[in-house]
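Following: one structure in structure tokens, then a few remarks.
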Amino acid sequence: MSNNYAKLNRMKKFILAPSILSADFSNLAGQIKSVESAGVKWLHIDVMDGHFVPNITLGPAIINSIRKKTKLVFDTHLMIENPEKYLSDFVKAGSDCITFHLESSKNLKGLLSKAKKYGVKAGLSLKPKTPVAKLISYLKLLDIVLVMSVEPGFGGQGFIHSSLSRIKAIRKLIDKKNPGCLISVDGGINKNNIKSVLAVGADVVVAGNSVFKDSVQPAEAIRRLTSKI
Ligand code: DX5
Ligand code: ZN
């Protein structure tokens with residue numbers, strides 16, 4: 001497939017993963033229904049422990065509750081220290097894909113193979129300042145690479161522009177070493193930059209504020225976010 005054709009194909013077929021971090025937590029089931037009605041298939045779930053990142057969000061109990069309300073693919077992003085200790089809890093709670101941070105464990109290969117044994121898809125994420133080369137020895141083991149385009153910890157931050165060249169470099173590596181692996185991009189994505197993120201090689205786009213914190217309902221926000229692609 002020519003490079004341009006592959007690019008066009010990706011732009012048409014990308015996966016949008018709304019991040020519930022920006023949703024109204026008093027009405028999670030309703031917010032999930034709203035994104036489902038817009039045709040969304042994935043839900044991005046940000047787990048933060050107040051140690052790996054300076055914010056605390058949600059844990060397995062909440063994931064378990066929303067699991068009963070939807071069949072969306074649960075894309076769980078673990079921003080926690082000691083992920084080994086909690087992996088099985090997040091699997092049991094109903095995650096379909098679990099992404100660990102490259103910077104969060106000394107035994108990433110063990111973690112990834114354990115996740116696979118539990119029957120979930122497994123990924124690695126890297127913070128904006130972590131060198132792309134650190135991914136290389138893990139690429140063959142991954143279902144997804146989650147490229148952070150903001151410092152992890154909070155929704156609603158501005159997209160770091162240099163992420164585009166990082167995504168491009170990761171696209172090249174993946175095409176060579178593990179073409180089945182997806183590239184997801186997380187942080188600061190809105191209707192003005194989504195097209196460039198897809199053009200450099202993203203397969204999955206995570207969006208929090210631009211879906212849940214717009215002045216319109218999430219379904220309409222999704223329509224606006226994706227209308228210029
Ligand atoms: C940040 C989280 C992101 C965040 C994205 O640490 O990993 O998933 O919720 O939110 P926006 O799209 O608002 O930057
Ligand atoms: Zn995230």
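Residues are named by chain letter and number: chains run A, B, ... in the order of the structure tokens, numbers start at 1 in each chain, and ligands are numbered from 1 in the order shown.
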(request) Within stretch 7-212 of chain A, find each residue whose DSSP state, derived from the backbone, is helix (DSSP H, G or I), and express the selection as number ranges by chain. (result) A: 7-13, 20-22, 25-37, 60-67, 83-92, 108-117, 132-141, 163-177, 194-199, 209-212
Could you save the residues just selected, with C-alpha atoms, as a PDB file, in the first residue's frame?
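To be explicit, this is the file written out as result-v9.pdb:
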ATOM      1  CA  LYS A   7      -2.684   7.671   5.420  1.00  0.00           C
ATOM      2  CA  LEU A   8      -6.057   8.351   3.785  1.00  0.00           C
ATOM      3  CA  ASN A   9      -7.378   5.004   4.920  1.00  0.00           C
ATOM      4  CA  ARG A  10      -6.380   5.726   8.497  1.00  0.00           C
ATOM      5  CA  MET A  11      -8.000   9.145   8.430  1.00  0.00           C
ATOM      6  CA  LYS A  12     -11.266   7.603   7.340  1.00  0.00           C
ATOM      7  CA  LYS A  13     -11.212   4.707   9.731  1.00  0.00           C
ATOM      8  CA  ILE A  20     -14.453  10.009  30.739  1.00  0.00           C
ATOM      9  CA  LEU A  21     -12.053  12.031  32.871  1.00  0.00           C
ATOM     10  CA  SER A  22     -13.806  15.122  31.501  1.00  0.00           C
ATOM     11  CA  PHE A  25     -19.209  11.927  37.101  1.00  0.00           C
ATOM     12  CA  SER A  26     -22.668  12.334  38.638  1.00  0.00           C
ATOM     13  CA  ASN A  27     -24.147  11.003  35.397  1.00  0.00           C
ATOM     14  CA  LEU A  28     -21.598   8.606  33.932  1.00  0.00           C
ATOM     15  CA  ALA A  29     -24.157   6.219  32.465  1.00  0.00           C
ATOM     16  CA  GLY A  30     -25.940   9.102  30.683  1.00  0.00           C
ATOM     17  CA  GLN A  31     -22.682  10.525  29.341  1.00  0.00           C
ATOM     18  CA  ILE A  32     -21.690   7.099  28.025  1.00  0.00           C
ATOM     19  CA  LYS A  33     -25.080   6.686  26.297  1.00  0.00           C
ATOM     20  CA  SER A  34     -24.579  10.072  24.682  1.00  0.00           C
ATOM     21  CA  VAL A  35     -21.233   9.153  23.103  1.00  0.00           C
ATOM     22  CA  GLU A  36     -22.616   5.748  22.077  1.00  0.00           C
ATOM     23  CA  SER A  37     -25.430   7.492  20.239  1.00  0.00           C
ATOM     24  CA  PRO A  60     -11.833  -0.678  39.566  1.00  0.00           C
ATOM     25  CA  ALA A  61     -15.145  -0.208  41.451  1.00  0.00           C
ATOM     26  CA  ILE A  62     -16.299   2.545  39.102  1.00  0.00           C
ATOM     27  CA  ILE A  63     -15.095   0.675  36.023  1.00  0.00           C
ATOM     28  CA  ASN A  64     -17.055  -2.340  37.234  1.00  0.00           C
ATOM     29  CA  SER A  65     -20.229  -0.253  37.633  1.00  0.00           C
ATOM     30  CA  ILE A  66     -20.076   1.304  34.180  1.00  0.00           C
ATOM     31  CA  ARG A  67     -19.167  -2.101  32.663  1.00  0.00           C
ATOM     32  CA  PRO A  83       0.816  -1.403  38.259  1.00  0.00           C
ATOM     33  CA  GLU A  84       1.759  -5.077  38.927  1.00  0.00           C
ATOM     34  CA  LYS A  85      -0.213  -4.936  42.138  1.00  0.00           C
ATOM     35  CA  TYR A  86      -3.469  -3.770  40.540  1.00  0.00           C
ATOM     36  CA  LEU A  87      -3.426  -5.329  37.076  1.00  0.00           C
ATOM     37  CA  SER A  88      -5.790  -8.209  37.913  1.00  0.00           C
ATOM     38  CA  ASP A  89      -8.275  -5.810  39.561  1.00  0.00           C
ATOM     39  CA  PHE A  90      -8.505  -3.743  36.388  1.00  0.00           C
ATOM     40  CA  VAL A  91      -8.942  -6.888  34.293  1.00  0.00           C
ATOM     41  CA  LYS A  92     -11.713  -8.195  36.558  1.00  0.00           C
ATOM     42  CA  LEU A 108       7.317  -4.105  31.677  1.00  0.00           C
ATOM     43  CA  LYS A 109       7.819  -7.343  29.743  1.00  0.00           C
ATOM     44  CA  GLY A 110       6.438  -9.333  32.672  1.00  0.00           C
ATOM     45  CA  LEU A 111       3.492  -6.955  32.987  1.00  0.00           C
ATOM     46  CA  LEU A 112       2.658  -7.130  29.296  1.00  0.00           C
ATOM     47  CA  SER A 113       2.779 -10.900  29.198  1.00  0.00           C
ATOM     48  CA  LYS A 114       0.639 -11.134  32.335  1.00  0.00           C
ATOM     49  CA  ALA A 115      -1.968  -8.857  30.746  1.00  0.00           C
ATOM     50  CA  LYS A 116      -2.007 -11.069  27.636  1.00  0.00           C
ATOM     51  CA  LYS A 117      -2.433 -14.164  29.814  1.00  0.00           C
ATOM     52  CA  VAL A 132      10.858   7.262  21.563  1.00  0.00           C
ATOM     53  CA  ALA A 133      13.813   4.835  21.386  1.00  0.00           C
ATOM     54  CA  LYS A 134      12.813   3.439  24.795  1.00  0.00           C
ATOM     55  CA  LEU A 135       9.812   1.793  23.120  1.00  0.00           C
ATOM     56  CA  ILE A 136      11.788  -0.242  20.625  1.00  0.00           C
ATOM     57  CA  SER A 137      12.505  -3.381  22.634  1.00  0.00           C
ATOM     58  CA  TYR A 138       8.799  -3.726  23.533  1.00  0.00           C
ATOM     59  CA  LEU A 139       7.192  -3.016  20.166  1.00  0.00           C
ATOM     60  CA  LYS A 140       6.658  -6.657  19.185  1.00  0.00           C
ATOM     61  CA  LEU A 141       4.749  -7.299  22.420  1.00  0.00           C
ATOM     62  CA  SER A 163       4.204  15.352  19.611  1.00  0.00           C
ATOM     63  CA  LEU A 164       3.529  15.308  15.873  1.00  0.00           C
ATOM     64  CA  SER A 165       7.114  14.398  14.990  1.00  0.00           C
ATOM     65  CA  ARG A 166       7.147  11.793  17.770  1.00  0.00           C
ATOM     66  CA  ILE A 167       3.989  10.167  16.387  1.00  0.00           C
ATOM     67  CA  LYS A 168       5.552  10.153  12.931  1.00  0.00           C
ATOM     68  CA  ALA A 169       8.685   8.428  14.244  1.00  0.00           C
ATOM     69  CA  ILE A 170       6.627   5.841  16.127  1.00  0.00           C
ATOM     70  CA  ARG A 171       4.506   5.210  13.005  1.00  0.00           C
ATOM     71  CA  LYS A 172       7.688   4.360  11.091  1.00  0.00           C
ATOM     72  CA  LEU A 173       8.900   1.985  13.792  1.00  0.00           C
ATOM     73  CA  ILE A 174       5.547   0.238  14.079  1.00  0.00           C
ATOM     74  CA  ASP A 175       5.120  -0.156  10.334  1.00  0.00           C
ATOM     75  CA  LYS A 176       8.475  -1.917  10.291  1.00  0.00           C
ATOM     76  CA  LYS A 177       8.303  -4.008  13.455  1.00  0.00           C
ATOM     77  CA  ILE A 194      -7.253  16.307  14.966  1.00  0.00           C
ATOM     78  CA  LYS A 195      -6.524  16.233  11.235  1.00  0.00           C
ATOM     79  CA  SER A 196      -2.768  16.710  11.720  1.00  0.00           C
ATOM     80  CA  VAL A 197      -2.710  14.025  14.420  1.00  0.00           C
ATOM     81  CA  LEU A 198      -4.306  11.566  12.001  1.00  0.00           C
ATOM     82  CA  ALA A 199      -2.102  12.677   9.123  1.00  0.00           C
ATOM     83  CA  ASN A 209     -12.574  18.199  26.993  1.00  0.00           C
ATOM     84  CA  SER A 210     -13.452  18.494  23.322  1.00  0.00           C
ATOM     85  CA  VAL A 211     -16.158  15.848  23.807  1.00  0.00           C
ATOM     86  CA  PHE A 212     -17.447  16.362  27.343  1.00  0.00           C
TER      87      PHE A 212
END
Non-local contacts of A:Ile56 (10 Å; only C-alpha atoms; under 3 positions in same chain excluded) as a PDB file with N, CA, C and O atoms, in the first residue's frame:
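result_20.pdb, written as the output of this step:
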ATOM      1  N   ASP A  46      -9.157   7.002  32.374  1.00  0.00           N
ATOM      2  CA  ASP A  46      -7.898   7.458  32.970  1.00  0.00           C
ATOM      3  C   ASP A  46      -7.850   7.144  34.454  1.00  0.00           C
ATOM      4  O   ASP A  46      -8.629   7.681  35.238  1.00  0.00           O
ATOM      5  N   VAL A  47      -6.907   6.286  34.823  1.00  0.00           N
ATOM      6  CA  VAL A  47      -6.759   5.905  36.227  1.00  0.00           C
ATOM      7  C   VAL A  47      -5.507   6.588  36.792  1.00  0.00           C
ATOM      8  O   VAL A  47      -4.401   6.361  36.296  1.00  0.00           O
ATOM      9  N   MET A  48      -5.691   7.424  37.795  1.00  0.00           N
ATOM     10  CA  MET A  48      -4.561   8.178  38.378  1.00  0.00           C
ATOM     11  C   MET A  48      -4.552   7.977  39.888  1.00  0.00           C
ATOM     12  O   MET A  48      -5.604   7.975  40.526  1.00  0.00           O
ATOM     13  N   ASP A  49      -3.341   7.839  40.431  1.00  0.00           N
ATOM     14  CA  ASP A  49      -3.232   7.427  41.841  1.00  0.00           C
ATOM     15  C   ASP A  49      -2.687   8.510  42.782  1.00  0.00           C
ATOM     16  O   ASP A  49      -2.449   8.252  43.966  1.00  0.00           O
ATOM     17  N   GLY A  50      -2.412   9.703  42.259  1.00  0.00           N
ATOM     18  CA  GLY A  50      -1.856  10.739  43.135  1.00  0.00           C
ATOM     19  C   GLY A  50      -0.371  10.561  43.424  1.00  0.00           C
ATOM     20  O   GLY A  50       0.211  11.356  44.165  1.00  0.00           O
ATOM     21  N   HIS A  51       0.261   9.530  42.844  1.00  0.00           N
ATOM     22  CA  HIS A  51       1.700   9.311  43.031  1.00  0.00           C
ATOM     23  C   HIS A  51       2.438   9.384  41.692  1.00  0.00           C
ATOM     24  O   HIS A  51       3.345  10.175  41.519  1.00  0.00           O
ATOM     25  N   PHE A  52       2.006   8.552  40.761  1.00  0.00           N
ATOM     26  CA  PHE A  52       2.647   8.595  39.437  1.00  0.00           C
ATOM     27  C   PHE A  52       2.340   9.923  38.755  1.00  0.00           C
ATOM     28  O   PHE A  52       3.151  10.466  38.002  1.00  0.00           O
ATOM     29  N   VAL A  53       1.141  10.429  39.014  1.00  0.00           N
ATOM     30  CA  VAL A  53       0.741  11.765  38.530  1.00  0.00           C
ATOM     31  C   VAL A  53       0.093  12.510  39.693  1.00  0.00           C
ATOM     32  O   VAL A  53      -0.449  11.876  40.603  1.00  0.00           O
ATOM     33  N   GLY A  59     -11.101   4.120  40.271  1.00  0.00           N
ATOM     34  CA  GLY A  59     -10.494   2.796  40.362  1.00  0.00           C
ATOM     35  C   GLY A  59     -11.425   1.715  39.839  1.00  0.00           C
ATOM     36  O   GLY A  59     -12.446   2.011  39.201  1.00  0.00           O
ATOM     37  N   MET A  79      -2.221   5.329  35.038  1.00  0.00           N
ATOM     38  CA  MET A  79      -1.173   6.286  35.427  1.00  0.00           C
ATOM     39  C   MET A  79      -0.957   6.088  36.921  1.00  0.00           C
ATOM     40  O   MET A  79      -1.348   6.927  37.745  1.00  0.00           O
ATOM     41  N   ILE A  80      -0.390   4.937  37.251  1.00  0.00           N
ATOM     42  CA  ILE A  80      -0.230   4.570  38.669  1.00  0.00           C
ATOM     43  C   ILE A  80       1.153   3.981  38.903  1.00  0.00           C
ATOM     44  O   ILE A  80       1.766   3.433  37.992  1.00  0.00           O
ATOM     45  N   GLY A 153      -1.915  13.654  33.717  1.00  0.00           N
ATOM     46  CA  GLY A 153      -2.376  14.129  35.018  1.00  0.00           C
ATOM     47  C   GLY A 153      -3.701  14.883  34.966  1.00  0.00           C
ATOM     48  O   GLY A 153      -4.512  14.758  35.874  1.00  0.00           O
ATOM     49  N   PHE A 154      -3.915  15.625  33.904  1.00  0.00           N
ATOM     50  CA  PHE A 154      -5.117  16.460  33.850  1.00  0.00           C
ATOM     51  C   PHE A 154      -5.669  16.545  32.434  1.00  0.00           C
ATOM     52  O   PHE A 154      -4.895  16.553  31.470  1.00  0.00           O
TER      53      PHE A 154
END
(message) I need the residues of stretch 145-216 of chain A that end up classed as strand (DSSP E or B) by DSSP on the backbone, written out as a ChimeraX atom specification.
(response) /A:145-148,182-186,204-207
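Residue neighbourhood of A:Val204, excluding near-sequence residues (fewer than 3 positions): A:Phe14, A:Ile15, A:Leu16, A:Ala17, A:Leu182, A:Ile183, A:Ser184, A:Val185, at 8 Å, using only C-alpha atoms.
For the atom pair formed by atom 3 (C, counted along the ligand's line) of ligand 1 and atom CA of A:Gly155, the distance is 5.4 Å, given to one decimal.
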